[in-house]
Amino acid sequence: MSNSHLFLPSGFLRTPLQNGLGRYIPQLQRITLKFCKNHGGSRGVRDFIESDLMEFAKTNHGTVVYLKPRRHRSPCMVAEYLNGEREYLSCHEFSRDEVHKWLSYMCTRSGIPVMRFRKYQHTDYPTVQGVWNPFTHQAPEINVAEFPHGVLSKPIDHGQTATEQLIEIFKKTQIEDPVNKPSN
Amino acid sequence: MVLDTVAYCRRLTVAVNVISKRNFKAHWVAPTLREFKRRKVIEEDRSGGPKIFHRSTFLEWNYDAEIFAFSNRLGEKFDDSSLRAALTHKSYIEREKARLSDIGLDSNLHFQDNEALSQKGGEMMSKFINGYLRAVFTQVPEELISAMHDFLTSNSTLETVAKHIGLGDLMLCADFPCKTETYVKSFKAIIAALAESSGEERARIFVQDLVVTQLYGQDVNELWNPVDPVGNLAAILKREGKAEPEFRLIRQAGSNSILAVYYVGVYSDKHFISEGAGESLEIAKEMAAREALKKFFHTEDSMRALPFGRQLKNIQSKIEQLENQPNLPFSEWISEKVMSAVH
């Protein structure tokens, strides 16, 4: 399964200006709602402005809300972010709830364009103990050893295998048998 | 406070990202748009770039609302007059005065510029940054502290910070697109305005949250490297009364090839201090000495993570105390004299 057929750009997780590390700064700078005062396609936007807009503006007091009535044009919203990016969304024939939903979606974005995340985590410090290299965990004795070496040339001794342990136990029982015989 | 003049300048267009929907267009729409684009590209190439306009030239612009949102976005309370003074540049006042006198009107404008505020803010910012660095990097010599301070207060860093909090649209200045110095000046003036409005505590936290966090992800050893690490390591060990450093070859591979690697270890009185790797013996020796110094200063790759934001609550008093107390200089550095780690 590859992603080369996708036109969506891909990238790693990032945030502008280490947002959240010190304090969280809402990235939505301003939002412009353009709508028509008459046309039916702007009905949802008009309803939203009449009922939910004040609450939205009060909760997101770091965002400037501009209302721009334009005659005979379909409604849209343009969001501008602190990193200079803009997002355009047509709100034609949206319901009041849909407008609210998309507006809250715009609030959660930073201006970084939508992309496929290659990984869902990112770190600037990928290693703490140091990257492995062939010299890690090598015995220092190899520096002055003459090869072939009695100990270092042999495979590492991991102790007895289970089979060898069973054979030893069996041998022990063989030797013990003649000792028990006189008691019979 | 609307900029009446429209400034035409050369810069890349800001992309507009569209959340696309399906729609049906007539057969002639696409070719027409393609031709428009072709002609537009030719025009822009001829004039050296697309036209850009200041945000205040748009119909939907309310400077008072923008300033209100700016202070709320940062979570700070500003005095209105201080904030407006911090955002007003000298060049803007001069331009307005010239414009009014050209028309013939009396030019007794009551604007205050941000020169004094910027000066004061720059000093405060340096003080706060130094306090943080000395409280967090307790074992580090003063040269590295100043290198980190210079990185954090460099024009490029401060310009990035200023742009990303939205100062680009709020500043009143004659140049557009605004120069780096204008951004930096306004940002420093904002810090001074915040100190005037909400107190020095809040200004300190502001600098810690916005400027010092730019140190995250930056390898501090890239910012400053001691000259002659071998000699300096020997000097430090001598000052501490320990045996002089002994360099021994620990590992080597591919000595006669291009991809040779040598590991050299530093020992003092048969105790291992550090090891370094390099393409040649001299390089490996220098790297080993550098690693030893990093170990002394606690700035290795495995050093503790830097504290930011809420993690600084407990050491704020310590930071305040160390603002005026420089660390030991490199020439006098001894491990006994430096404090143990704070965080």
# chains A, B, ... in the order shown; residues from 1 in each chain; ligands from 1
$ interface_residues --of "chain B" --to "chain A" --cutoff "6 Å" --atoms "only C-alpha atoms" --output "number ranges by chain"
B: 16-19, 69, 72-73, 164, 166, 209, 217, 302, 308-309
$ select_by_dssp --residues "stretch 37-148 of chain A" --states "helix (DSSP H, G or I)" --output "CSV table (one decimal) with all heavy atoms, in the first residue's frame"
chain,number,residue,atom,x,y,z
A,40,GLY,N,-31.5,33.1,-0.8
A,40,GLY,CA,-31.8,32.0,0.0
A,40,GLY,C,-30.6,31.2,0.4
A,40,GLY,O,-30.6,30.5,1.4
A,41,GLY,N,-29.6,31.2,-0.5
A,41,GLY,CA,-28.4,30.4,-0.1
A,41,GLY,C,-27.7,30.9,1.1
A,41,GLY,O,-26.9,30.1,1.7
A,42,SER,N,-27.9,32.1,1.5
A,42,SER,CA,-27.2,32.7,2.7
A,42,SER,C,-28.0,32.5,3.9
A,42,SER,O,-27.7,33.1,5.0
A,42,SER,CB,-26.9,34.2,2.5
A,42,SER,OG,-26.2,34.4,1.3
A,43,ARG,N,-29.2,31.8,3.8
A,43,ARG,CA,-30.1,31.8,5.0
A,43,ARG,C,-29.4,31.2,6.2
A,43,ARG,O,-29.5,31.7,7.3
A,43,ARG,CB,-31.3,31.0,4.6
A,43,ARG,CG,-32.4,31.0,5.7
A,43,ARG,CD,-33.6,30.4,5.3
A,43,ARG,NE,-33.4,29.0,4.9
A,43,ARG,CZ,-34.2,28.0,5.4
A,43,ARG,NH1,-35.3,28.3,6.1
A,43,ARG,NH2,-34.0,26.8,5.0
A,44,GLY,N,-28.7,30.1,6.0
A,44,GLY,CA,-28.0,29.5,7.2
A,44,GLY,C,-27.0,30.5,7.8
A,44,GLY,O,-26.9,30.6,9.1
A,45,VAL,N,-26.3,31.2,7.0
A,45,VAL,CA,-25.3,32.1,7.5
A,45,VAL,C,-26.0,33.2,8.2
A,45,VAL,O,-25.6,33.7,9.3
A,45,VAL,CB,-24.4,32.7,6.4
A,45,VAL,CG1,-23.4,33.7,6.9
A,45,VAL,CG2,-23.6,31.5,5.7
A,46,ARG,N,-27.1,33.7,7.7
A,46,ARG,CA,-27.8,34.8,8.3
A,46,ARG,C,-28.4,34.3,9.7
A,46,ARG,O,-28.3,35.1,10.7
A,46,ARG,CB,-29.0,35.3,7.4
A,46,ARG,CG,-28.5,36.1,6.2
A,46,ARG,CD,-29.7,36.9,5.6
A,46,ARG,NE,-30.8,36.0,5.2
A,46,ARG,CZ,-30.9,35.5,4.0
A,46,ARG,NH1,-30.0,35.7,3.1
A,46,ARG,NH2,-32.0,34.7,3.7
A,47,ASP,N,-28.9,33.1,9.7
A,47,ASP,CA,-29.4,32.6,11.0
A,47,ASP,C,-28.3,32.4,12.0
A,47,ASP,O,-28.5,32.7,13.2
A,47,ASP,CB,-30.1,31.2,10.7
A,47,ASP,CG,-31.4,31.3,9.9
A,47,ASP,OD1,-31.9,32.4,9.9
A,47,ASP,OD2,-31.8,30.3,9.4
A,48,PHE,N,-27.2,32.0,11.5
A,48,PHE,CA,-26.1,31.8,12.5
A,48,PHE,C,-25.6,33.2,13.0
A,48,PHE,O,-25.4,33.3,14.2
A,48,PHE,CB,-24.9,31.2,11.7
A,48,PHE,CG,-23.6,31.2,12.5
A,48,PHE,CD1,-23.4,30.2,13.5
A,48,PHE,CD2,-22.6,32.1,12.3
A,48,PHE,CE1,-22.3,30.2,14.2
A,48,PHE,CE2,-21.5,32.1,13.1
A,48,PHE,CZ,-21.3,31.1,14.0
A,49,ILE,N,-25.6,34.2,12.2
A,49,ILE,CA,-25.2,35.5,12.6
A,49,ILE,C,-26.2,36.1,13.7
A,49,ILE,O,-25.8,36.6,14.7
A,49,ILE,CB,-25.1,36.5,11.4
A,49,ILE,CG1,-23.9,36.1,10.5
A,49,ILE,CG2,-24.9,37.9,11.9
A,49,ILE,CD1,-23.9,36.8,9.2
A,50,GLU,N,-27.5,35.8,13.4
A,50,GLU,CA,-28.5,36.3,14.3
A,50,GLU,C,-28.4,35.6,15.7
A,50,GLU,O,-28.7,36.3,16.7
A,50,GLU,CB,-29.9,36.2,13.7
A,50,GLU,CG,-30.2,37.2,12.7
A,50,GLU,CD,-31.4,36.8,11.8
A,50,GLU,OE1,-32.1,35.9,12.2
A,50,GLU,OE2,-31.5,37.4,10.8
A,51,SER,N,-28.1,34.3,15.7
A,51,SER,CA,-28.2,33.6,17.0
A,51,SER,C,-26.9,33.3,17.6
A,51,SER,O,-26.7,33.6,18.8
A,51,SER,CB,-29.1,32.3,16.7
A,51,SER,OG,-28.6,31.7,15.5
A,53,LEU,N,-23.6,33.9,16.6
A,53,LEU,CA,-22.3,34.6,16.4
A,53,LEU,C,-21.7,35.3,17.6
A,53,LEU,O,-20.5,35.3,17.8
A,53,LEU,CB,-22.5,35.6,15.2
A,53,LEU,CG,-21.2,36.3,14.8
A,53,LEU,CD1,-20.2,35.4,14.2
A,53,LEU,CD2,-21.5,37.5,13.9
A,54,MET,N,-22.6,35.9,18.4
A,54,MET,CA,-22.1,36.7,19.5
A,54,MET,C,-21.4,35.8,20.5
A,54,MET,O,-20.3,36.1,21.1
A,54,MET,CB,-23.3,37.4,20.2
A,54,MET,CG,-23.8,38.6,19.5
A,54,MET,SD,-22.4,39.8,19.1
A,54,MET,CE,-21.9,40.4,20.6
A,55,GLU,N,-22.0,34.6,20.8
A,55,GLU,CA,-21.4,33.6,21.7
A,55,GLU,C,-20.0,33.2,21.2
A,55,GLU,O,-19.0,33.1,21.9
A,55,GLU,CB,-22.3,32.4,21.8
A,55,GLU,CG,-22.1,31.6,23.1
A,55,GLU,CD,-22.9,30.4,23.1
A,55,GLU,OE1,-24.1,30.5,22.9
A,55,GLU,OE2,-22.3,29.3,23.2
A,56,PHE,N,-20.0,32.9,19.8
A,56,PHE,CA,-18.7,32.5,19.2
A,56,PHE,C,-17.7,33.6,19.4
A,56,PHE,O,-16.5,33.3,19.8
A,56,PHE,CB,-19.0,32.3,17.7
A,56,PHE,CG,-17.7,32.0,17.0
A,56,PHE,CD1,-17.1,30.8,17.0
A,56,PHE,CD2,-17.1,33.0,16.2
A,56,PHE,CE1,-15.9,30.6,16.3
A,56,PHE,CE2,-15.9,32.8,15.5
A,56,PHE,CZ,-15.3,31.6,15.6
A,57,ALA,N,-18.0,34.9,19.1
A,57,ALA,CA,-17.1,35.9,19.2
A,57,ALA,C,-16.6,36.1,20.7
A,57,ALA,O,-15.4,36.5,20.9
A,57,ALA,CB,-17.7,37.2,18.7
A,58,LYS,N,-17.5,35.9,21.6
A,58,LYS,CA,-17.1,36.1,23.0
A,58,LYS,C,-16.1,35.0,23.5
A,58,LYS,O,-15.2,35.2,24.2
A,58,LYS,CB,-18.3,36.0,23.9
A,58,LYS,CG,-19.1,37.4,24.0
A,58,LYS,CD,-20.1,37.4,25.0
A,58,LYS,CE,-21.0,38.7,24.8
A,58,LYS,NZ,-22.4,38.4,24.8
A,59,THR,N,-16.4,33.7,23.0
A,59,THR,CA,-15.5,32.6,23.4
A,59,THR,C,-14.2,32.7,22.7
A,59,THR,O,-13.1,32.5,23.3
A,59,THR,CB,-16.1,31.3,23.2
A,59,THR,OG1,-16.7,31.3,21.9
A,59,THR,CG2,-17.1,30.9,24.2
A,96,ARG,N,-27.6,26.5,9.7
A,96,ARG,CA,-27.0,27.2,10.7
A,96,ARG,C,-26.0,26.4,11.5
A,96,ARG,O,-24.9,26.9,11.9
A,96,ARG,CB,-28.1,27.7,11.6
A,96,ARG,CG,-27.6,28.4,12.9
A,96,ARG,CD,-28.8,28.7,13.7
A,96,ARG,NE,-28.6,28.4,15.1
A,96,ARG,CZ,-29.6,28.4,16.0
A,96,ARG,NH1,-30.8,28.7,15.7
A,96,ARG,NH2,-29.3,28.1,17.3
A,97,ASP,N,-26.3,25.1,11.7
A,97,ASP,CA,-25.4,24.2,12.5
A,97,ASP,C,-24.1,23.9,11.7
A,97,ASP,O,-23.0,23.8,12.2
A,97,ASP,CB,-26.1,22.9,12.8
A,97,ASP,CG,-27.3,23.1,13.7
A,97,ASP,OD1,-27.1,24.0,14.6
A,97,ASP,OD2,-28.3,22.5,13.5
A,98,GLU,N,-24.3,23.8,10.4
A,98,GLU,CA,-23.1,23.5,9.5
A,98,GLU,C,-22.2,24.7,9.6
A,98,GLU,O,-20.9,24.5,9.7
A,98,GLU,CB,-23.5,23.3,8.1
A,98,GLU,CG,-24.0,21.8,7.8
A,98,GLU,CD,-24.3,21.6,6.3
A,98,GLU,OE1,-25.2,22.3,5.8
A,98,GLU,OE2,-23.6,20.8,5.7
A,99,VAL,N,-22.7,25.9,9.5
A,99,VAL,CA,-21.8,27.1,9.6
A,99,VAL,C,-21.1,27.1,10.9
A,99,VAL,O,-19.8,27.3,10.9
A,99,VAL,CB,-22.7,28.4,9.5
A,99,VAL,CG1,-21.8,29.6,9.7
A,99,VAL,CG2,-23.3,28.4,8.1
A,100,HIS,N,-21.8,26.8,12.0
A,100,HIS,CA,-21.2,26.7,13.3
A,100,HIS,C,-20.1,25.7,13.3
A,100,HIS,O,-19.0,25.9,13.9
A,100,HIS,CB,-22.2,26.4,14.4
A,100,HIS,CG,-21.7,26.6,15.8
A,100,HIS,ND1,-21.7,27.7,16.5
A,100,HIS,CD2,-21.1,25.7,16.6
A,100,HIS,CE1,-21.2,27.5,17.7
A,100,HIS,NE2,-20.8,26.3,17.7
A,101,LYS,N,-20.4,24.5,12.8
A,101,LYS,CA,-19.4,23.4,12.8
A,101,LYS,C,-18.1,23.8,12.0
A,101,LYS,O,-17.0,23.6,12.5
A,101,LYS,CB,-20.0,22.2,12.1
A,101,LYS,CG,-19.1,21.0,12.0
A,101,LYS,CD,-19.8,19.9,11.2
A,101,LYS,CE,-19.4,20.0,9.7
A,101,LYS,NZ,-19.9,18.8,8.9
A,102,TRP,N,-18.3,24.3,10.8
A,102,TRP,CA,-17.1,24.7,10.0
A,102,TRP,C,-16.4,25.8,10.6
A,102,TRP,O,-15.1,25.9,10.5
A,102,TRP,CB,-17.5,25.0,8.6
A,102,TRP,CG,-17.8,23.8,7.8
A,102,TRP,CD1,-19.0,23.3,7.4
A,102,TRP,CD2,-16.8,22.8,7.3
A,102,TRP,NE1,-18.9,22.1,6.7
A,102,TRP,CE2,-17.6,21.8,6.6
A,102,TRP,CE3,-15.5,22.7,7.4
A,102,TRP,CZ2,-17.0,20.7,6.0
A,102,TRP,CZ3,-14.8,21.6,6.8
A,102,TRP,CH2,-15.6,20.7,6.1
A,103,LEU,N,-17.0,26.7,11.3
A,103,LEU,CA,-16.4,27.8,12.0
A,103,LEU,C,-15.5,27.3,13.1
A,103,LEU,O,-14.4,27.7,13.3
A,103,LEU,CB,-17.4,28.8,12.5
A,103,LEU,CG,-17.0,30.3,12.6
A,103,LEU,CD1,-16.3,30.8,11.4
A,103,LEU,CD2,-18.2,31.1,13.0
A,104,SER,N,-16.0,26.4,13.9
A,104,SER,CA,-15.2,25.8,15.0
A,104,SER,C,-14.1,25.0,14.4
A,104,SER,O,-13.0,24.9,15.0
A,104,SER,CB,-16.0,24.9,15.9
A,104,SER,OG,-17.4,24.9,15.6
A,105,TYR,N,-14.3,24.4,13.2
A,105,TYR,CA,-13.2,23.7,12.6
A,105,TYR,C,-12.1,24.6,12.2
A,105,TYR,O,-10.9,24.4,12.5
A,105,TYR,CB,-13.7,23.0,11.3
A,105,TYR,CG,-12.7,22.5,10.4
A,105,TYR,CD1,-11.9,21.4,10.6
A,105,TYR,CD2,-12.4,23.2,9.2
A,105,TYR,CE1,-10.9,20.9,9.8
A,105,TYR,CE2,-11.4,22.8,8.3
A,105,TYR,CZ,-10.7,21.6,8.6
A,105,TYR,OH,-9.7,21.2,7.7
A,106,MET,N,-12.4,25.8,11.7
A,106,MET,CA,-11.4,26.8,11.4
A,106,MET,C,-10.6,27.2,12.6
A,106,MET,O,-9.4,27.5,12.5
A,106,MET,CB,-12.1,28.0,10.7
A,106,MET,CG,-12.7,27.8,9.4
A,106,MET,SD,-11.6,27.3,8.1
A,106,MET,CE,-12.5,27.7,6.7
A,107,CYS,N,-11.3,27.3,13.7
A,107,CYS,CA,-10.6,27.7,15.0
A,107,CYS,C,-9.6,26.8,15.4
A,107,CYS,O,-8.6,27.2,16.0
A,107,CYS,CB,-11.6,27.9,16.1
A,107,CYS,SG,-12.7,29.2,15.9
A,108,THR,N,-9.8,25.5,15.1
A,108,THR,CA,-8.8,24.5,15.6
A,108,THR,C,-7.6,24.4,14.7
A,108,THR,O,-6.6,23.8,15.1
A,108,THR,CB,-9.5,23.1,15.7
A,108,THR,OG1,-10.0,22.8,14.4
A,108,THR,CG2,-10.6,23.1,16.7
A,140,PRO,N,36.3,-4.5,25.6
A,140,PRO,CA,37.5,-3.7,25.3
A,140,PRO,C,38.7,-4.7,25.1
A,140,PRO,O,39.7,-4.3,24.5
A,140,PRO,CB,37.8,-2.9,26.5
A,140,PRO,CG,36.5,-2.9,27.3
A,140,PRO,CD,35.8,-4.1,26.9
A,141,GLU,N,38.6,-5.9,25.5
A,141,GLU,CA,39.7,-6.9,25.3
A,141,GLU,C,40.0,-7.2,23.8
A,141,GLU,O,41.1,-7.6,23.5
A,141,GLU,CB,39.4,-8.2,26.0
A,141,GLU,CG,39.4,-8.2,27.5
A,141,GLU,CD,38.2,-7.7,28.1
A,141,GLU,OE1,37.2,-7.3,27.4
A,141,GLU,OE2,38.1,-7.6,29.4
A,142,ILE,N,39.0,-6.9,22.9
A,142,ILE,CA,39.3,-7.2,21.5
A,142,ILE,C,40.4,-6.3,20.9
A,142,ILE,O,41.0,-6.6,19.9
A,142,ILE,CB,38.0,-7.0,20.6
A,142,ILE,CG1,37.5,-5.6,20.7
A,142,ILE,CG2,37.0,-8.0,21.0
A,142,ILE,CD1,36.3,-5.3,19.8
A,143,ASN,N,40.7,-5.2,21.6
A,143,ASN,CA,41.7,-4.2,21.1
A,143,ASN,C,43.1,-4.9,21.1
A,143,ASN,O,43.9,-4.7,20.2
A,143,ASN,CB,41.7,-2.9,21.9
A,143,ASN,CG,40.5,-2.1,21.7
A,143,ASN,OD1,39.9,-2.2,20.6
A,143,ASN,ND2,40.2,-1.3,22.6
$ closest_residue --among "A:Cys76, A:Pro155, A:Phe7, A:Ile169" --to "A:Ile31" --atoms "only C-alpha atoms"
A:Cys76
$ residues_around --residues "B:Asn327" --least-positions-apart "5" --cutoff "8 Å" --atoms "only C-alpha atoms" --output "PyMOL selection string"
chain B and resi 134+138+140-142+145
$ write_last_selection --atoms "N, CA, C and O atoms" --output "PDB file, in the first residue's frame"
ATOM      1  N   ARG B 134      20.735  31.149  32.945  1.00  0.00           N
ATOM      2  CA  ARG B 134      21.621  30.844  34.080  1.00  0.00           C
ATOM      3  C   ARG B 134      20.944  29.947  35.092  1.00  0.00           C
ATOM      4  O   ARG B 134      21.608  29.172  35.779  1.00  0.00           O
ATOM      5  N   THR B 138      23.023  25.669  34.837  1.00  0.00           N
ATOM      6  CA  THR B 138      23.790  26.170  35.975  1.00  0.00           C
ATOM      7  C   THR B 138      25.273  25.875  35.833  1.00  0.00           C
ATOM      8  O   THR B 138      26.107  26.589  36.356  1.00  0.00           O
ATOM      9  N   VAL B 140      27.148  25.833  33.172  1.00  0.00           N
ATOM     10  CA  VAL B 140      27.697  26.229  31.877  1.00  0.00           C
ATOM     11  C   VAL B 140      28.491  27.529  32.019  1.00  0.00           C
ATOM     12  O   VAL B 140      28.116  28.398  32.787  1.00  0.00           O
ATOM     13  N   PRO B 141      29.617  27.683  31.294  1.00  0.00           N
ATOM     14  CA  PRO B 141      30.356  28.938  31.421  1.00  0.00           C
ATOM     15  C   PRO B 141      29.628  30.101  30.762  1.00  0.00           C
ATOM     16  O   PRO B 141      28.759  29.912  29.920  1.00  0.00           O
ATOM     17  N   GLU B 142      30.008  31.302  31.152  1.00  0.00           N
ATOM     18  CA  GLU B 142      29.285  32.494  30.725  1.00  0.00           C
ATOM     19  C   GLU B 142      29.345  32.694  29.208  1.00  0.00           C
ATOM     20  O   GLU B 142      28.426  33.267  28.616  1.00  0.00           O
ATOM     21  N   ILE B 145      26.501  30.923  27.698  1.00  0.00           N
ATOM     22  CA  ILE B 145      25.261  31.647  28.025  1.00  0.00           C
ATOM     23  C   ILE B 145      25.083  32.833  27.076  1.00  0.00           C
ATOM     24  O   ILE B 145      23.996  33.066  26.546  1.00  0.00           O
TER      25      ILE B 145
END
$ residues_around --residues "stretch 122-129 of chain B" --least-positions-apart "4" --cutoff "8 Å" --atoms "only C-alpha atoms" --output "PyMOL selection string"
chain B and resi 118+133+149+153+188-189+191-192+204+207-208+212+319-320+323-324
$ closest_residue --among "A:Ser2, A:Arg70, A:Arg109, A:Gly11" --to "A:Leu33" --atoms "only C-alpha atoms"
A:Arg70
